file input-v8.cif (mmCIF, C-alpha atoms)
data_target
#
loop_
_atom_site.label_atom_id
_atom_site.label_comp_id
_atom_site.auth_asym_id
_atom_site.auth_seq_id
_atom_site.Cartn_x
_atom_site.Cartn_y
_atom_site.Cartn_z
CA MET A 132 117.76 181.11 -10.84
CA PHE A 133 114.60 179.52 -9.57
CA GLY A 134 113.70 179.89 -5.91
CA THR A 135 115.50 182.12 -3.43
CA GLN A 136 119.13 181.04 -3.44
CA SER A 137 121.87 183.60 -4.02
CA SER A 138 125.63 183.31 -4.12
CA THR A 139 125.98 185.15 -0.81
CA ASP A 140 123.33 183.28 1.17
CA PHE A 141 125.73 180.72 2.63
CA GLY A 142 127.99 182.46 5.11
CA THR A 143 125.08 184.54 6.43
CA PRO A 144 124.01 183.11 9.81
CA TYR A 145 120.44 181.86 10.01
CA PHE A 146 119.89 183.48 13.37
CA LYS A 147 122.05 185.37 15.88
CA LEU A 148 121.74 185.56 19.63
CA SER A 149 123.01 188.62 21.48
CA THR A 150 125.15 188.15 24.60
CA SER A 151 122.23 188.88 26.90
CA GLU A 152 119.95 186.51 25.01
CA SER A 153 122.45 183.68 25.21
CA ALA A 154 122.13 183.91 28.97
CA SER A 155 118.46 184.67 29.38
CA SER A 156 116.72 183.90 26.06
CA SER A 157 114.87 187.21 26.47
CA SER A 158 115.39 188.85 23.08
CA SER A 159 116.45 188.11 19.50
CA THR A 160 118.50 189.79 16.81
CA LYS A 161 117.39 189.15 13.27
CA THR A 162 119.63 188.85 10.23
CA LYS A 163 118.66 189.15 6.58
CA ARG A 164 116.87 185.79 6.86
CA LYS A 165 113.20 185.83 7.76
CA THR A 166 113.09 184.61 11.37
CA THR A 167 110.16 184.34 13.76
CA ILE A 168 110.07 183.41 17.43
CA VAL A 169 107.41 180.69 17.63
CA SER A 170 107.42 179.97 21.34
CA LYS A 171 109.47 180.52 24.47
CA ALA A 172 108.88 178.00 27.21
CA ASN A 173 111.02 176.52 30.00
CA ASN A 174 113.79 178.97 29.09
CA SER A 175 113.96 177.34 25.64
CA LEU A 176 113.52 179.42 22.51
CA THR A 177 111.89 177.92 19.43
CA VAL A 178 112.34 179.77 16.16
CA LYS A 179 111.00 179.46 12.65
CA PHE A 180 113.10 180.68 9.74
CA GLU A 181 113.50 180.32 5.99
CA ASP A 182 116.57 178.55 4.60
CA ILE A 183 118.35 179.55 1.39
CA TYR A 184 116.15 177.22 -0.66
CA GLY A 185 112.94 178.82 0.58
CA PHE A 186 111.89 176.08 3.01
CA VAL A 187 110.56 177.07 6.41
CA VAL A 188 112.49 175.38 9.21
CA GLU A 189 111.37 175.22 12.81
CA GLY A 190 113.81 174.33 15.54
CA ASN A 191 115.42 175.25 18.81
CA ILE A 192 118.55 177.28 19.44
CA ASP A 193 120.74 174.17 19.21
CA ASP A 194 119.41 173.53 15.70
CA VAL A 195 120.09 177.14 14.70
CA ASN A 196 123.62 176.96 16.08
CA ILE A 197 124.25 173.81 14.04
CA LEU A 198 122.96 175.54 10.91
CA ASN A 199 125.19 178.54 11.58
CA ASP A 200 128.17 176.18 11.89
CA VAL A 201 127.17 174.47 8.65
CA SER A 202 126.89 177.86 6.96
CA GLU A 203 130.46 178.67 7.98
CA LYS A 204 131.72 175.26 6.82
CA VAL A 205 130.10 175.79 3.43
CA ARG A 206 131.76 179.20 3.16
CA LYS A 207 135.16 177.67 3.90
CA GLN A 208 134.54 174.80 1.48
CA GLY A 209 133.68 177.32 -1.22
CA LYS A 210 137.03 179.00 -0.62
CA VAL A 211 138.78 175.65 -1.12
CA TRP A 212 137.05 175.20 -4.50
CA TRP A 213 138.06 178.67 -5.64
CA GLU A 214 141.68 178.16 -4.54
CA ILE A 215 141.89 174.94 -6.55
CA GLU A 216 140.36 176.69 -9.55
CA ALA A 217 142.96 179.44 -9.22
CA SER A 218 145.77 176.87 -9.29
CA ARG A 219 144.37 174.46 -11.90
CA GLY A 220 142.47 176.81 -14.15
CA ALA A 221 138.84 177.79 -14.58
CA ASN A 222 136.38 174.92 -14.70
CA TRP A 223 139.09 172.33 -13.98
CA TYR A 224 136.42 169.90 -12.77
CA LEU A 225 134.90 169.82 -16.26
CA GLN A 226 137.95 167.85 -17.39
CA SER A 227 137.43 165.06 -14.88
CA GLN A 228 136.17 161.85 -16.46
CA TYR A 229 134.85 160.43 -13.20
CA SER A 230 131.09 160.11 -13.01
CA SER A 231 128.38 157.63 -12.17
CA ILE A 232 127.94 156.73 -15.85
CA LEU A 233 131.61 155.80 -16.34
CA VAL A 234 131.88 153.05 -13.75
CA GLY A 235 134.17 150.25 -14.86
CA ILE A 236 136.70 152.34 -16.79
CA SER A 237 140.26 151.29 -15.93
CA VAL A 238 142.20 153.80 -13.84
CA ALA A 239 145.22 153.07 -16.04
CA SER A 240 143.36 154.60 -18.99
CA PHE A 241 143.29 158.05 -17.38
CA ARG A 242 145.88 160.69 -18.21
CA PRO A 243 147.77 161.75 -15.04
CA SER A 244 146.19 165.21 -15.02
CA VAL A 245 142.70 163.77 -15.44
CA LEU A 246 143.30 161.14 -12.76
CA SER A 247 144.51 163.85 -10.37
CA ASN A 248 141.39 165.91 -11.08
CA THR A 249 139.21 162.84 -10.64
CA ILE A 250 140.60 161.98 -7.21
CA THR A 251 140.49 165.60 -6.07
CA LEU A 252 136.95 166.04 -7.34
CA LYS A 253 135.65 162.94 -5.56
CA LYS A 254 137.08 164.10 -2.25
CA LEU A 255 135.77 167.63 -2.73
CA ILE A 256 132.28 166.50 -3.68
CA ARG A 257 132.01 164.32 -0.60
CA LYS A 258 132.71 167.45 1.46
CA GLY A 259 130.07 169.40 -0.46
CA ILE A 260 129.78 171.48 -3.61
CA PRO A 261 129.36 175.24 -3.05
CA PRO A 262 125.72 176.17 -3.80
CA ASN A 263 126.62 178.59 -6.60
CA LEU A 264 128.71 175.90 -8.34
CA ARG A 265 126.22 173.06 -7.94
CA PRO A 266 124.35 173.59 -11.23
CA LYS A 267 127.46 173.38 -13.40
CA VAL A 268 129.13 170.58 -11.41
CA TRP A 269 125.97 168.45 -11.30
CA LEU A 270 125.44 168.82 -15.04
CA THR A 271 129.01 167.73 -15.67
CA VAL A 272 129.60 164.82 -13.30
CA SER A 273 126.15 163.28 -13.82
CA GLY A 274 126.49 163.17 -17.59
CA ALA A 275 123.50 165.46 -18.13
CA SER A 276 125.50 167.91 -20.25
CA LYS A 277 126.71 165.09 -22.47
CA LYS A 278 123.18 163.72 -22.81
CA ARG A 279 121.85 167.13 -23.83
CA SER A 280 124.62 167.52 -26.43
CA THR A 281 123.27 164.51 -28.38
CA VAL A 282 120.04 166.30 -29.37
CA PRO A 283 119.27 169.61 -31.12
CA GLU A 284 119.59 172.75 -28.98
CA SER A 285 115.87 173.40 -29.35
CA TYR A 286 114.92 169.92 -28.02
CA TYR A 287 113.42 171.05 -24.72
CA ASP A 288 111.55 174.05 -26.16
CA ASP A 289 110.21 171.90 -29.00
CA LEU A 290 109.11 169.23 -26.53
CA ILE A 291 107.25 171.72 -24.34
CA ARG A 292 105.51 173.29 -27.34
CA ALA A 293 104.51 169.85 -28.63
CA THR A 294 102.93 168.88 -25.30
CA GLU A 295 100.93 172.06 -24.74
CA GLY A 296 97.23 171.34 -24.31
CA LYS A 297 97.66 167.55 -24.41
CA VAL A 298 95.89 165.57 -21.72
CA THR A 299 97.04 162.13 -20.61
CA PRO A 300 96.71 160.10 -17.40
CA ALA A 301 100.19 161.40 -16.52
CA THR A 302 99.28 165.08 -17.00
CA ARG A 303 96.12 164.63 -14.92
CA GLN A 304 98.11 163.10 -12.06
CA ILE A 305 100.73 165.83 -12.33
CA ASP A 306 98.03 168.50 -12.07
CA ASN A 307 96.69 166.79 -8.95
CA ASP A 308 100.12 166.66 -7.35
CA LEU A 309 101.33 170.19 -8.06
CA PRO A 310 99.52 171.83 -5.10
CA ARG A 311 100.78 169.03 -2.82
CA THR A 312 104.43 169.59 -3.70
CA PHE A 313 106.01 171.39 -0.75
CA PRO A 314 102.95 173.53 0.05
CA GLY A 315 103.86 176.85 1.62
CA HIS A 316 107.22 177.04 -0.14
CA ALA A 317 108.18 180.60 -1.04
CA TRP A 318 108.39 179.88 -4.79
CA LEU A 319 107.11 176.38 -5.50
CA ASP A 320 103.73 177.26 -4.00
CA THR A 321 103.16 180.05 -6.52
CA SER A 322 101.64 180.03 -9.98
CA ASP A 323 105.07 180.57 -11.57
CA GLY A 324 106.67 177.82 -9.53
CA GLN A 325 103.94 175.31 -10.27
CA ALA A 326 103.96 176.21 -13.98
CA SER A 327 107.71 175.54 -14.20
CA LEU A 328 107.40 172.28 -12.30
CA ARG A 329 104.51 171.20 -14.53
CA ARG A 330 106.48 171.84 -17.72
CA VAL A 331 109.43 169.79 -16.52
CA LEU A 332 107.27 166.87 -15.39
CA VAL A 333 104.95 166.87 -18.40
CA GLY A 334 107.90 167.21 -20.76
CA TYR A 335 109.60 164.19 -19.28
CA SER A 336 106.39 162.16 -19.25
CA PHE A 337 106.30 162.52 -23.04
CA ARG A 338 110.03 161.88 -23.43
CA ASP A 339 109.74 158.52 -21.66
CA SER A 340 106.25 157.06 -21.95
CA ASP A 341 107.31 153.90 -20.06
CA VAL A 342 107.88 156.00 -16.96
CA GLY A 343 105.36 158.70 -17.78
CA TYR A 344 104.86 160.13 -14.33
CA CYS A 345 105.06 158.58 -10.89
CA GLN A 346 104.28 160.23 -7.59
CA GLY A 347 107.57 161.14 -5.97
CA LEU A 348 109.02 162.61 -9.14
CA ASN A 349 107.27 165.89 -8.34
CA TYR A 350 109.42 166.34 -5.22
CA VAL A 351 112.62 165.35 -7.03
CA ALA A 352 111.95 167.71 -9.95
CA ALA A 353 111.01 170.51 -7.53
CA PHE A 354 114.36 170.23 -5.76
CA LEU A 355 116.17 170.22 -9.09
CA LEU A 356 114.40 173.44 -10.06
CA LEU A 357 115.54 175.09 -6.83
CA VAL A 358 119.18 174.28 -7.58
CA MET A 359 119.56 174.57 -11.35
CA LYS A 360 119.84 177.89 -13.12
CA THR A 361 117.28 177.13 -15.82
CA GLU A 362 114.19 175.02 -16.27
CA GLU A 363 115.91 173.19 -19.11
CA ASP A 364 118.87 172.29 -16.87
CA ALA A 365 116.44 170.83 -14.34
CA PHE A 366 114.81 168.76 -17.10
CA TRP A 367 118.14 167.26 -18.20
CA MET A 368 119.13 166.50 -14.62
CA LEU A 369 115.84 164.64 -14.21
CA ALA A 370 116.51 162.78 -17.46
CA VAL A 371 120.01 161.64 -16.51
CA LEU A 372 118.80 160.71 -13.03
CA LEU A 373 116.08 158.40 -14.35
CA GLU A 374 117.94 157.07 -17.37
CA ASN A 375 121.49 156.66 -16.08
CA VAL A 376 121.94 157.18 -12.35
CA LEU A 377 119.07 155.26 -10.75
CA VAL A 378 118.00 151.66 -11.19
CA ASN A 379 115.69 150.86 -14.10
CA ASP A 380 111.95 150.61 -13.40
CA CYS A 381 112.15 152.60 -10.17
CA TYR A 382 109.30 154.87 -11.31
CA THR A 383 107.27 152.57 -13.57
CA ASP A 384 103.65 151.67 -12.79
CA ASN A 385 104.49 148.65 -10.62
CA LEU A 386 107.50 150.34 -8.93
CA SER A 387 109.43 147.09 -9.38
CA GLY A 388 112.78 148.87 -9.27
CA CYS A 389 111.90 150.56 -5.99
CA HIS A 390 110.84 147.21 -4.50
CA VAL A 391 114.14 145.69 -5.61
CA GLU A 392 116.10 148.51 -3.96
CA GLN A 393 114.26 147.98 -0.69
CA ARG A 394 115.00 144.24 -0.73
CA VAL A 395 118.67 144.96 -1.40
CA PHE A 396 118.66 147.49 1.44
CA ARG A 397 117.11 144.96 3.82
CA ASP A 398 119.93 142.49 3.08
CA LEU A 399 122.57 145.21 3.47
CA LEU A 400 121.07 146.23 6.80
CA ALA A 401 121.30 142.62 8.01
CA LYS A 402 124.96 142.55 6.96
CA ASN A 403 125.99 145.93 8.38
CA CYS A 404 123.71 146.14 11.45
CA PRO A 405 122.83 142.49 12.23
CA ARG A 406 121.68 143.09 15.81
CA ILE A 407 119.28 145.86 14.82
CA ALA A 408 118.04 144.01 11.74
CA THR A 409 117.16 140.97 13.84
CA HIS A 410 115.48 143.13 16.49
CA LEU A 411 113.36 144.93 13.88
CA ASP A 412 112.37 141.61 12.30
CA ASP A 413 111.26 140.36 15.72
CA LEU A 414 109.10 143.49 16.07
CA GLY A 415 107.55 142.85 12.66
CA PHE A 416 108.91 146.13 11.32
CA ASP A 417 108.73 146.41 7.53
CA ILE A 418 111.63 148.41 6.06
CA SER A 419 109.31 149.79 3.37
CA LEU A 420 107.55 151.91 6.03
CA VAL A 421 110.46 154.34 5.86
CA ALA A 422 112.52 153.26 2.84
CA THR A 423 109.84 153.66 0.16
CA GLU A 424 109.87 157.44 0.51
CA TRP A 425 113.67 157.47 0.73
CA PHE A 426 114.17 155.65 -2.56
CA LEU A 427 111.35 157.39 -4.45
CA CYS A 428 112.05 160.94 -3.24
CA LEU A 429 115.81 160.46 -2.79
CA PHE A 430 115.57 161.73 0.81
CA CYS A 431 114.34 165.20 -0.21
CA LYS A 432 111.13 164.79 1.85
CA SER A 433 112.97 163.37 4.84
CA LEU A 434 116.21 165.30 5.29
CA PRO A 435 116.74 169.08 5.70
CA SER A 436 117.39 170.79 2.36
CA GLU A 437 121.17 171.33 2.57
CA THR A 438 121.68 167.78 3.88
CA THR A 439 119.65 166.51 0.92
CA MET A 440 121.82 168.56 -1.44
CA ARG A 441 124.95 167.03 0.04
CA VAL A 442 123.54 163.55 -0.55
CA TRP A 443 122.69 164.48 -4.13
CA ASP A 444 126.18 165.94 -4.67
CA VAL A 445 127.62 162.46 -4.16
CA LEU A 446 124.70 160.67 -5.82
CA PHE A 447 125.26 162.43 -9.14
CA ASN A 448 128.99 161.74 -8.99
CA GLU A 449 129.13 158.17 -7.65
CA GLY A 450 125.77 156.67 -8.52
CA ALA A 451 122.83 155.03 -6.79
CA LYS A 452 124.95 153.07 -4.30
CA VAL A 453 125.08 156.35 -2.37
CA LEU A 454 121.42 155.92 -1.42
CA PHE A 455 122.27 152.67 0.38
CA HIS A 456 125.19 154.30 2.21
CA VAL A 457 122.90 157.06 3.47
CA ALA A 458 120.01 154.77 4.39
CA LEU A 459 122.34 152.46 6.34
CA ALA A 460 123.93 155.45 8.07
CA ILE A 461 120.55 156.60 9.39
CA PHE A 462 119.98 153.21 11.03
CA LYS A 463 123.61 153.02 12.20
CA MET A 464 123.31 156.40 13.94
CA ASN A 465 120.26 155.15 15.85
CA GLU A 466 121.40 151.65 16.84
CA GLU A 467 120.96 152.07 20.60
CA ASN A 468 117.63 153.91 20.39
CA LEU A 469 116.27 151.35 17.94
CA TRP A 470 117.47 148.50 20.14
CA ASN A 471 115.42 149.98 23.01
CA ALA A 472 112.29 150.38 20.87
CA HIS A 473 109.56 147.83 21.52
CA GLN A 474 106.85 148.97 19.12
CA ILE A 475 106.77 149.65 15.39
CA GLY A 476 105.48 153.17 16.06
CA GLN A 477 108.51 153.90 18.22
CA VAL A 478 110.86 152.77 15.44
CA ILE A 479 109.18 155.06 12.92
CA LYS A 480 109.27 158.01 15.32
CA ILE A 481 112.99 157.50 16.04
CA ILE A 482 113.85 157.38 12.34
CA GLN A 483 111.67 160.36 11.39
CA THR A 484 112.88 162.52 14.28
CA THR A 485 116.48 161.81 13.32
CA THR A 486 116.09 162.53 9.62
CA ASN A 487 114.06 165.71 10.19
CA HIS A 488 116.77 167.16 12.43
CA LEU A 489 119.91 166.07 10.58
CA PHE A 490 120.90 169.67 9.97
CA ASP A 491 124.63 168.88 9.93
CA PRO A 492 125.37 167.07 6.64
CA ASP A 493 128.88 166.14 7.81
CA GLU A 494 127.45 164.07 10.66
CA LEU A 495 125.49 161.94 8.20
CA MET A 496 128.15 161.77 5.48
CA THR A 497 130.88 160.73 7.93
CA VAL A 498 128.87 157.73 9.08
CA ALA A 499 127.75 156.91 5.54
CA PHE A 500 131.24 156.75 4.06
CA GLU A 501 133.52 155.99 7.01
CA LYS A 502 131.48 153.68 9.23
CA ILE A 503 129.59 151.69 6.61
CA GLY A 504 131.43 148.93 4.75
CA SER A 505 132.54 149.53 1.20
CA MET A 506 129.97 148.88 -1.52
CA THR A 507 130.83 148.69 -5.20
CA THR A 508 128.44 149.26 -8.07
CA ASN A 509 129.05 145.68 -9.21
CA THR A 510 128.17 144.30 -5.78
CA ILE A 511 124.90 146.24 -5.74
CA ALA A 512 124.13 145.08 -9.30
CA LYS A 513 124.55 141.43 -8.24
CA GLN A 514 122.25 141.98 -5.28
CA ARG A 515 119.62 143.53 -7.55
CA LYS A 516 119.84 140.64 -10.00
CA LYS A 517 119.28 138.23 -7.12
CA GLN A 518 116.20 140.09 -5.87
CA GLU A 519 114.50 140.88 -9.20
CA PRO A 520 112.88 137.44 -9.80
CA MET A 521 111.34 137.42 -6.32
CA VAL A 522 110.00 140.95 -6.72
CA MET A 523 108.47 140.16 -10.12
CA ALA A 524 106.91 136.96 -8.72
CA GLU A 525 105.30 138.96 -5.90
CA ILE A 526 103.99 141.53 -8.35
CA ASP A 527 102.53 138.80 -10.58
CA GLN A 528 100.81 137.21 -7.59
CA ARG A 529 99.38 140.57 -6.59
CA VAL A 530 98.05 141.17 -10.10
CA GLN A 531 96.48 137.70 -10.18
CA ARG A 532 94.75 138.32 -6.86
CA LEU A 533 93.41 141.66 -8.04
CA ASN A 534 92.18 140.11 -11.29
CA GLY A 535 90.50 137.35 -9.33
CA LEU A 536 88.72 139.85 -7.11
CA LYS A 537 87.65 141.85 -10.15
CA LYS A 538 86.13 138.74 -11.77
CA LEU A 539 84.21 137.99 -8.58
CA GLU A 540 82.84 141.54 -8.47
CA ASP A 541 81.92 141.44 -12.17
CA GLY A 542 80.07 138.17 -11.63
CA LYS A 543 77.85 139.60 -8.92
#

call {"tool": "encode", "arguments": {"input": "input-v8.cif", "output": "structure tokens"}}
result
Amino acid sequence: MFGTQSSTDFGTPYFKLSTSESASSSSSTKTKRKTTIVSKANNSLTVKFEDIYGFVVEGNIDDVNILNDVSEKVRKQGKVWWEIEASRGANWYLQSQYSSILVGISVASFRPSVLSNTITLKKLIRKGIPPNLRPKVWLTVSGASKKRSTVPESYYDDLIRATEGKVTPATRQIDNDLPRTFPGHAWLDTSDGQASLRRVLVGYSFRDSDVGYCQGLNYVAAFLLLVMKTEEDAFWMLAVLLENVLVNDCYTDNLSGCHVEQRVFRDLLAKNCPRIATHLDDLGFDISLVATEWFLCLFCKSLPSETTMRVWDVLFNEGAKVLFHVALAIFKMNEENLWNAHQIGQVIKIIQTTTNHLFDPDELMTVAFEKIGSMTTNTIAKQRKKQEPMVMAEIDQRVQRLNGLKKLEDGK
């Protein structure tokens, strides 16, 4: 497996305090994880440690305690999955027909056993997939395995061989972005890590020339590599993500799909958090200041790694509407703080501080799916259709302005 994850990593505390340290913060006891005391001031201990995905996390003791609690929850959730597998048979979840690419199928068409698996699987996935099961479950529920089955087994290897040595605008941009992709990461910031990431990105840029490569995909593909067991699995997860799960044109040159998503999100925010939406409008706050990165990088640059994985668990199973649930939840969790903000900079700081320290995925997922109104895929599709003409008109106007400026410069 790429990166540093192992099947026993979850369940191992990130950091342990001895009894004397809990009282005085005077010493530390290390576990198998690499942990460093960064500073100790005002009787508050700040530590830096590496999570199971190889990312360096810096936080205080409260953050570490939350992560230890999360680690224990993941261990217990893994036990639930194994108990269900023991009662229903190995790989029972592979029989479930529920996935983001099968929206609209009548429930009545399911066999009772499949329907039972479907309902159970949805509930389980919302509580988190055990890390060692994520590769197989993601491939199944997203439709990536089915997509791969439609082409020859050698497809990925043939594609990589065919693209070796070829230079395009996409490959040049990929080469520029590789060193910027999670610099300092234990595996991604190595020659092997960057070579794997390059192959996945270049391969896909040739598979879909309309998308080619867009900045943001490097972070998404990097996270996929850290989770999936093979480079080829990561490639097919990227393919199903761009071709089936997310909105069309999200990563094309003009980012029209991303602009549409942000407009839809702005309307949903006004509906679900009207007081805050009005307040932010009065401040002149543009949603794109935070939402662009969310929708392009699917929160992997904003949220802690395991929280991101939990979001992606549900994303691959239920579709892109999940991104709106999560984005709305972040604003919902900060309603009072945002209401008291009087400058755009304060709003950005509140949002970024919250996302960077959302170490407990359950806190976010509870708000996202229990305190945000229901959203169906059809409702989101109607909202997108409403926003698309306005987005395209804005893009056309922008292009016309740029062409006009270019003509003026050429005439000088």

call {"tool": "closest_residue", "arguments": {"input": "input-v8.cif", "among": "A:Arg311, A:Arg292, A:His316, A:Lys360", "to": "Asn263 in chain A", "atoms": "only C-alpha atoms"}}
result
A:Lys360

call {"tool": "resolve_selection", "arguments": {"input": "input-v8.cif", "expression": "the PyMOL selection byres ((chain A and resi 518) around 12)", "output": "number ranges by chain"}}
result
A: 387-398, 511-517, 519-525

call {"tool": "write_last_selection", "arguments": {"input": "input-v8.cif", "atoms": "C-alpha atoms", "output": "PDB file, keeping the file's coordinate frame"}}
result
ATOM      1  CA  SER A 387     109.430 147.090  -9.380  1.00  0.00           C
ATOM      2  CA  GLY A 388     112.780 148.870  -9.270  1.00  0.00           C
ATOM      3  CA  CYS A 389     111.900 150.560  -5.990  1.00  0.00           C
ATOM      4  CA  HIS A 390     110.840 147.210  -4.500  1.00  0.00           C
ATOM      5  CA  VAL A 391     114.140 145.690  -5.610  1.00  0.00           C
ATOM      6  CA  GLU A 392     116.100 148.510  -3.960  1.00  0.00           C
ATOM      7  CA  GLN A 393     114.260 147.980  -0.690  1.00  0.00           C
ATOM      8  CA  ARG A 394     115.000 144.240  -0.730  1.00  0.00           C
ATOM      9  CA  VAL A 395     118.670 144.960  -1.400  1.00  0.00           C
ATOM     10  CA  PHE A 396     118.660 147.490   1.440  1.00  0.00           C
ATOM     11  CA  ARG A 397     117.110 144.960   3.820  1.00  0.00           C
ATOM     12  CA  ASP A 398     119.930 142.490   3.080  1.00  0.00           C
ATOM     13  CA  ILE A 511     124.900 146.240  -5.740  1.00  0.00           C
ATOM     14  CA  ALA A 512     124.130 145.080  -9.300  1.00  0.00           C
ATOM     15  CA  LYS A 513     124.550 141.430  -8.240  1.00  0.00           C
ATOM     16  CA  GLN A 514     122.250 141.980  -5.280  1.00  0.00           C
ATOM     17  CA  ARG A 515     119.620 143.530  -7.550  1.00  0.00           C
ATOM     18  CA  LYS A 516     119.840 140.640 -10.000  1.00  0.00           C
ATOM     19  CA  LYS A 517     119.280 138.230  -7.120  1.00  0.00           C
ATOM     20  CA  GLU A 519     114.500 140.880  -9.200  1.00  0.00           C
ATOM     21  CA  PRO A 520     112.880 137.440  -9.800  1.00  0.00           C
ATOM     22  CA  MET A 521     111.340 137.420  -6.320  1.00  0.00           C
ATOM     23  CA  VAL A 522     110.000 140.950  -6.720  1.00  0.00           C
ATOM     24  CA  MET A 523     108.470 140.160 -10.120  1.00  0.00           C
ATOM     25  CA  ALA A 524     106.910 136.960  -8.720  1.00  0.00           C
ATOM     26  CA  GLU A 525     105.300 138.960  -5.900  1.00  0.00           C
TER      27      GLU A 525
END

call {"tool": "closest_residue", "arguments": {"input": "input-v8.cif", "among": "A:Glu363, A:Asp339, A:Glu449, A:Asp412", "to": "Ser276 in chain A", "atoms": "all atoms listed in the file"}}
result
A:Glu363

call {"tool": "closest_residue", "arguments": {"input": "input-v8.cif", "among": "A:Ser202, A:Thr383, A:Thr439, A:Thr271", "to": "Tyr350 in chain A", "atoms": "all atoms listed in the file"}}
result
A:Thr439

call {"tool": "closest_residue", "arguments": {"input": "input-v8.cif", "among": "A:Leu377, A:Val188, A:Cys345, A:Ile503", "to": "Met464 in chain A", "atoms": "only C-alpha atoms"}}
result
A:Ile503

call {"tool": "closest_residue", "arguments": {"input": "input-v8.cif", "among": "A:Ala422, A:Ala221, A:Val530, A:Met440", "to": "Phe490 in chain A", "atoms": "all atoms listed in the file"}}
result
A:Met440

call {"tool": "atom_distance", "arguments": {"input": "input-v8.cif", "atom1": "CA of Tyr344 in chain A", "atom2": "CA of Ala326 in chain A"}}
result
16.1 Å

call {"tool": "resolve_selection", "arguments": {"input": "input-v8.cif", "expression": "the PyMOL selection byres ((chain A and resi 430) around 10)", "output": "PyMOL selection string"}}
result
chain A and resi 350-351+422-429+431-436+438-440+442-443+454+457-458+486

call {"tool": "write_last_selection", "arguments": {"input": "input-v8.cif", "atoms": "C-alpha atoms", "output": "PDB file, keeping the file's coordinate frame"}}
result
ATOM      1  CA  TYR A 350     109.420 166.340  -5.220  1.00  0.00           C
ATOM      2  CA  VAL A 351     112.620 165.350  -7.030  1.00  0.00           C
ATOM      3  CA  ALA A 422     112.520 153.260   2.840  1.00  0.00           C
ATOM      4  CA  THR A 423     109.840 153.660   0.160  1.00  0.00           C
ATOM      5  CA  GLU A 424     109.870 157.440   0.510  1.00  0.00           C
ATOM      6  CA  TRP A 425     113.670 157.470   0.730  1.00  0.00           C
ATOM      7  CA  PHE A 426     114.170 155.650  -2.560  1.00  0.00           C
ATOM      8  CA  LEU A 427     111.350 157.390  -4.450  1.00  0.00           C
ATOM      9  CA  CYS A 428     112.050 160.940  -3.240  1.00  0.00           C
ATOM     10  CA  LEU A 429     115.810 160.460  -2.790  1.00  0.00           C
ATOM     11  CA  CYS A 431     114.340 165.200  -0.210  1.00  0.00           C
ATOM     12  CA  LYS A 432     111.130 164.790   1.850  1.00  0.00           C
ATOM     13  CA  SER A 433     112.970 163.370   4.840  1.00  0.00           C
ATOM     14  CA  LEU A 434     116.210 165.300   5.290  1.00  0.00           C
ATOM     15  CA  PRO A 435     116.740 169.080   5.700  1.00  0.00           C
ATOM     16  CA  SER A 436     117.390 170.790   2.360  1.00  0.00           C
ATOM     17  CA  THR A 438     121.680 167.780   3.880  1.00  0.00           C
ATOM     18  CA  THR A 439     119.650 166.510   0.920  1.00  0.00           C
ATOM     19  CA  MET A 440     121.820 168.560  -1.440  1.00  0.00           C
ATOM     20  CA  VAL A 442     123.540 163.550  -0.550  1.00  0.00           C
ATOM     21  CA  TRP A 443     122.690 164.480  -4.130  1.00  0.00           C
ATOM     22  CA  LEU A 454     121.420 155.920  -1.420  1.00  0.00           C
ATOM     23  CA  VAL A 457     122.900 157.060   3.470  1.00  0.00           C
ATOM     24  CA  ALA A 458     120.010 154.770   4.390  1.00  0.00           C
ATOM     25  CA  THR A 486     116.090 162.530   9.620  1.00  0.00           C
TER      26      THR A 486
END

call {"tool": "resolve_selection", "arguments": {"input": "input-v8.cif", "expression": "the PyMOL selection byres ((chain A and resi 308) around 10)", "output": "number ranges by chain"}}
result
A: 302-307, 309-312, 325, 329, 346-350

call {"tool": "write_last_selection", "arguments": {"input": "input-v8.cif", "atoms": "C-alpha atoms", "output": "short mmCIF file (atom, residue, chain, number, x, y, z; two decimals), in the frame of the given file"}}
result
data_model
loop_
_atom_site.label_atom_id
_atom_site.label_comp_id
_atom_site.auth_asym_id
_atom_site.auth_seq_id
_atom_site.Cartn_x
_atom_site.Cartn_y
_atom_site.Cartn_z
CA THR A 302 99.28 165.08 -17.00
CA ARG A 303 96.12 164.63 -14.92
CA GLN A 304 98.11 163.10 -12.06
CA ILE A 305 100.73 165.83 -12.33
CA ASP A 306 98.03 168.50 -12.07
CA ASN A 307 96.69 166.79 -8.95
CA LEU A 309 101.33 170.19 -8.06
CA PRO A 310 99.52 171.83 -5.10
CA ARG A 311 100.78 169.03 -2.82
CA THR A 312 104.43 169.59 -3.70
CA GLN A 325 103.94 175.31 -10.27
CA ARG A 329 104.51 171.20 -14.53
CA GLN A 346 104.28 160.23 -7.59
CA GLY A 347 107.57 161.14 -5.97
CA LEU A 348 109.02 162.61 -9.14
CA ASN A 349 107.27 165.89 -8.34
CA TYR A 350 109.42 166.34 -5.22
#

call {"tool": "closest_residue", "arguments": {"input": "input-v8.cif", "among": "A:Ser322, A:Asn487, A:Thr497, A:Ser336", "to": "Glu189 in chain A", "atoms": "all atoms listed in the file"}}
result
A:Asn487

call {"tool": "atom_distance", "arguments": {"input": "input-v8.cif", "atom1": "CA of Asp288 in chain A", "atom2": "CA of Pro300 in chain A"}}
result
22.2 Å

call {"tool": "atom_distance", "arguments": {"input": "input-v8.cif", "atom1": "CA of Leu255 in chain A", "atom2": "CA of Phe455 in chain A"}}
result
20.4 Å

call {"tool": "residues_around", "arguments": {"input": "input-v8.cif", "residues": "Trp212 in chain A", "least_positions_apart": "5", "cutoff": "9 Å", "atoms": "all atoms listed in the file", "output": "PyMOL selection string"}}
result
chain A and resi 207+217+255+260-261
